[in-house]
Every structure is written in structure tokens, then in C-alpha cells.
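Note: the block below is upload.txt and it holds compact mmCIF, C-alpha atoms and all ligand atoms.
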```
# COMPACT_ATOMS: atom_id res chain seq x y z
CA MET A 1 -5.46 17.13 5.58
CA LYS A 2 -5.38 17.93 9.31
CA SER A 3 -6.23 14.29 9.99
CA PHE A 4 -3.51 13.04 7.66
CA HIS A 5 -0.93 15.41 9.14
CA LYS A 6 -1.85 14.37 12.69
CA GLY A 7 -2.25 10.62 12.26
CA GLY A 8 -0.67 9.78 8.92
CA THR A 9 -2.18 7.27 6.54
CA LEU A 10 -2.74 3.56 6.95
CA TRP A 11 0.86 2.93 5.86
CA THR A 12 2.97 5.92 6.78
CA LYS A 13 3.20 9.33 8.39
CA VAL A 14 2.62 12.33 6.15
CA GLN A 15 5.68 14.51 6.59
CA ASN A 16 6.30 16.09 3.22
CA ILE A 17 2.91 17.52 2.26
CA ILE A 18 2.37 20.98 3.64
CA GLU A 19 -0.25 22.44 1.37
CA THR A 20 -3.96 22.41 1.94
CA PRO A 21 -5.55 20.73 -1.08
CA LEU A 22 -6.86 23.19 -3.62
CA PHE A 23 -7.64 23.28 -7.29
CA VAL A 24 -5.19 25.31 -9.32
CA ASP A 25 -4.19 25.58 -12.95
CA SER A 26 -1.04 23.52 -13.41
CA GLU A 27 0.60 26.41 -15.26
CA LEU A 28 0.81 28.25 -11.94
CA THR A 29 2.78 25.79 -9.85
CA SER A 30 5.56 23.37 -10.68
CA MET A 31 4.48 20.87 -8.01
CA VAL A 32 1.09 20.48 -9.70
CA GLN A 33 2.87 19.94 -13.01
CA LEU A 34 4.90 17.20 -11.33
CA ALA A 35 1.71 15.57 -10.03
CA ASP A 36 0.26 15.81 -13.56
CA VAL A 37 3.27 13.98 -14.99
CA CYS A 38 2.89 11.21 -12.41
CA ALA A 39 -0.82 10.85 -13.12
CA TYR A 40 -0.19 10.91 -16.88
CA SER A 41 2.45 8.18 -16.64
CA LEU A 42 0.16 5.94 -14.59
CA ARG A 43 -2.76 6.44 -16.94
CA ARG A 44 -0.69 5.76 -20.05
CA TYR A 45 0.67 2.59 -18.45
CA LEU A 46 -2.73 1.29 -17.40
CA GLU A 47 -4.58 2.24 -20.59
CA LYS A 48 -1.90 1.88 -23.27
CA LYS A 49 0.77 -0.29 -21.59
CA GLU A 50 3.36 2.45 -22.12
CA THR A 51 6.22 1.87 -19.73
CA HIS A 52 8.92 4.45 -20.49
CA LEU A 53 7.64 7.27 -18.25
CA PHE A 54 5.81 4.90 -15.91
CA ASN A 55 9.04 3.08 -15.02
CA GLU A 56 10.66 6.38 -14.00
CA VAL A 57 7.75 7.32 -11.75
CA PHE A 58 7.00 3.88 -10.35
CA LYS A 59 10.56 3.17 -9.20
CA ILE A 60 10.38 6.08 -6.76
CA ALA A 61 6.89 5.29 -5.42
CA ASP A 62 6.69 5.10 -1.63
CA LYS A 63 7.34 1.65 -0.22
CA LYS A 64 6.90 0.13 3.22
CA ASP A 65 8.70 -3.08 4.11
CA GLY A 66 9.45 -3.65 0.43
CA LYS A 67 5.82 -3.30 -0.66
CA VAL A 68 4.72 -0.40 -2.89
CA VAL A 69 2.13 1.67 -1.05
CA GLY A 70 2.48 5.02 -2.82
CA VAL A 71 0.67 3.93 -5.98
CA ARG A 72 -2.47 1.82 -6.10
CA HIS A 73 -4.56 0.34 -8.87
CA PHE A 74 -8.07 -0.46 -7.72
CA SER A 75 -9.06 -3.29 -10.02
CA ALA A 76 -10.02 -6.95 -10.03
CA PRO A 77 -8.01 -9.12 -7.61
CA SER A 78 -6.70 -11.04 -10.60
CA CYS A 79 -5.01 -7.97 -12.13
CA ALA A 80 -1.36 -8.75 -12.83
CA CYS A 81 -0.14 -5.25 -13.70
CA LEU A 82 3.11 -4.02 -12.16
CA ILE A 83 1.25 -1.84 -9.65
CA CYS A 84 -0.93 -4.66 -8.34
CA SER A 85 1.96 -7.12 -8.37
CA ALA A 86 4.08 -4.76 -6.30
CA HIS A 87 1.30 -4.25 -3.75
CA LYS A 88 0.49 -7.89 -3.06
CA PRO A 89 1.60 -9.22 0.33
CA LEU A 90 5.09 -10.64 0.36
CA PRO A 91 5.31 -14.43 0.61
ZN ZN B 101 -3.47 -3.64 -11.56
```
Output the structure of this file as C-alpha cells.
Amino acid sequence: MKSFHKGGTLWTKVQNIIETPLFVDSELTSMVQLADVCAYSLRRYLEKKETHLFNEVFKIADKKDGKVVGVRHFSAPSCACLICSAHKPLP
């Protein structure tokens, strides 16, 4: 985390994360519950094609120059899901 705070990521500076990563039961902190909801929505979209919750989370994903960089799907280059489509280079 020190490296990310100092130099940012490949796409952006890290300004809003102040905690040191740790494992904690999600019942103890609302921010972990929020992260769980995001992860759940992505998983349900990718595995079951459910879009209701995914659309709410994905529309606020971090973007840089119009390209979504806050959510990634590491899959085959031919994947046409919304995540991969939004991450492809702009024409
Ligand atoms: Zn994909």
C-alpha cells in the first residue's frame, strides 16, 4: 500500500484509500460490506449474466479518458462482456 500511495497505480493516483489492507469480518465494518456488494455484483454478472446490481456498480467504476479502469475482467481477448468492452482502447 505504501507503494500505491506514493506512486499510484498504472492508471491513476490512489487518494481515497487510507487503510492498510487487512482481513476482517464484513459484519464489523460497513466499507467491507460495500466491497462485498461490489464483488457480489461482478460475480453474478460474469457467472449468471445478472445485470440489475451490476449496472449500479459498474456505472460508477473509475474511468480514465473515457475508458473503465476501475473494474477488470481477466479473460480471453475475445470476451465481449460489458467490462471487457468498456476497457478496450478507444478507436
Ligand atoms: Zn470480459
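One finds atom CA of Ser85 of chain A at 17.6 Å from atom CA of Arg44 of chain A.
Taking atom CA of Glu47 of chain A and atom CA of Pro77 of chain A as the two end points, the separation is 17.6 Å.
Interatomic distance, atom CA of Cys81 of chain A to atom ZN of ligand ZN 101 (chain B): 4.3 Å.
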- Query: Do you know which residues are within 7 Å of ligand ZN 101 (chain B) using all atoms listed in the file? Can you write them as a list in words?
  - Reply: His73, Phe74, Ser75, Cys79, Ala80, Cys81, Leu82, Ile83 and Cys84 of chain A
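Residues in contact with Val24 of chain A at up to 12 Å, not including ones fewer than 6 positions away on its chain and judged by all atoms listed in the file, are Ser30, Met31, Val32, Gln33, Ala35 and Asp36 of chain A.
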- Message: Give me, as a PyMOL selection string, all polymer residues having an atom no more than 12 Å from Tyr45 of chain A, counting all atoms listed in the file and skipping those fewer than 3 positions away in the same chain.
- Response: chain A and resi 38-42+48-58+73+81-83
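Proximity ranking of A:Ser3, A:Val71, A:Thr9, A:Asn16 relative to Lys59 of chain A places A:Val71 first, based on all atoms listed in the file.
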Compute the distance from (1.5, 5.4, -1.8) to each atom, counting all atoms listed in the file, keep the residues with any atom at most 9 Å away, and return them as a compact mmCIF listing (two decimals) with C-alpha atoms, in the frame of the given file; use the coordinates of the file.
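Generated output (out.txt):
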```
# COMPACT_ATOMS: atom_id res chain seq x y z
CA TRP A 11 0.86 2.93 5.86
CA THR A 12 2.97 5.92 6.78
CA ALA A 61 6.89 5.29 -5.42
CA ASP A 62 6.69 5.10 -1.63
CA LYS A 63 7.34 1.65 -0.22
CA VAL A 68 4.72 -0.40 -2.89
CA VAL A 69 2.13 1.67 -1.05
CA GLY A 70 2.48 5.02 -2.82
CA VAL A 71 0.67 3.93 -5.98
CA ARG A 72 -2.47 1.82 -6.10
```
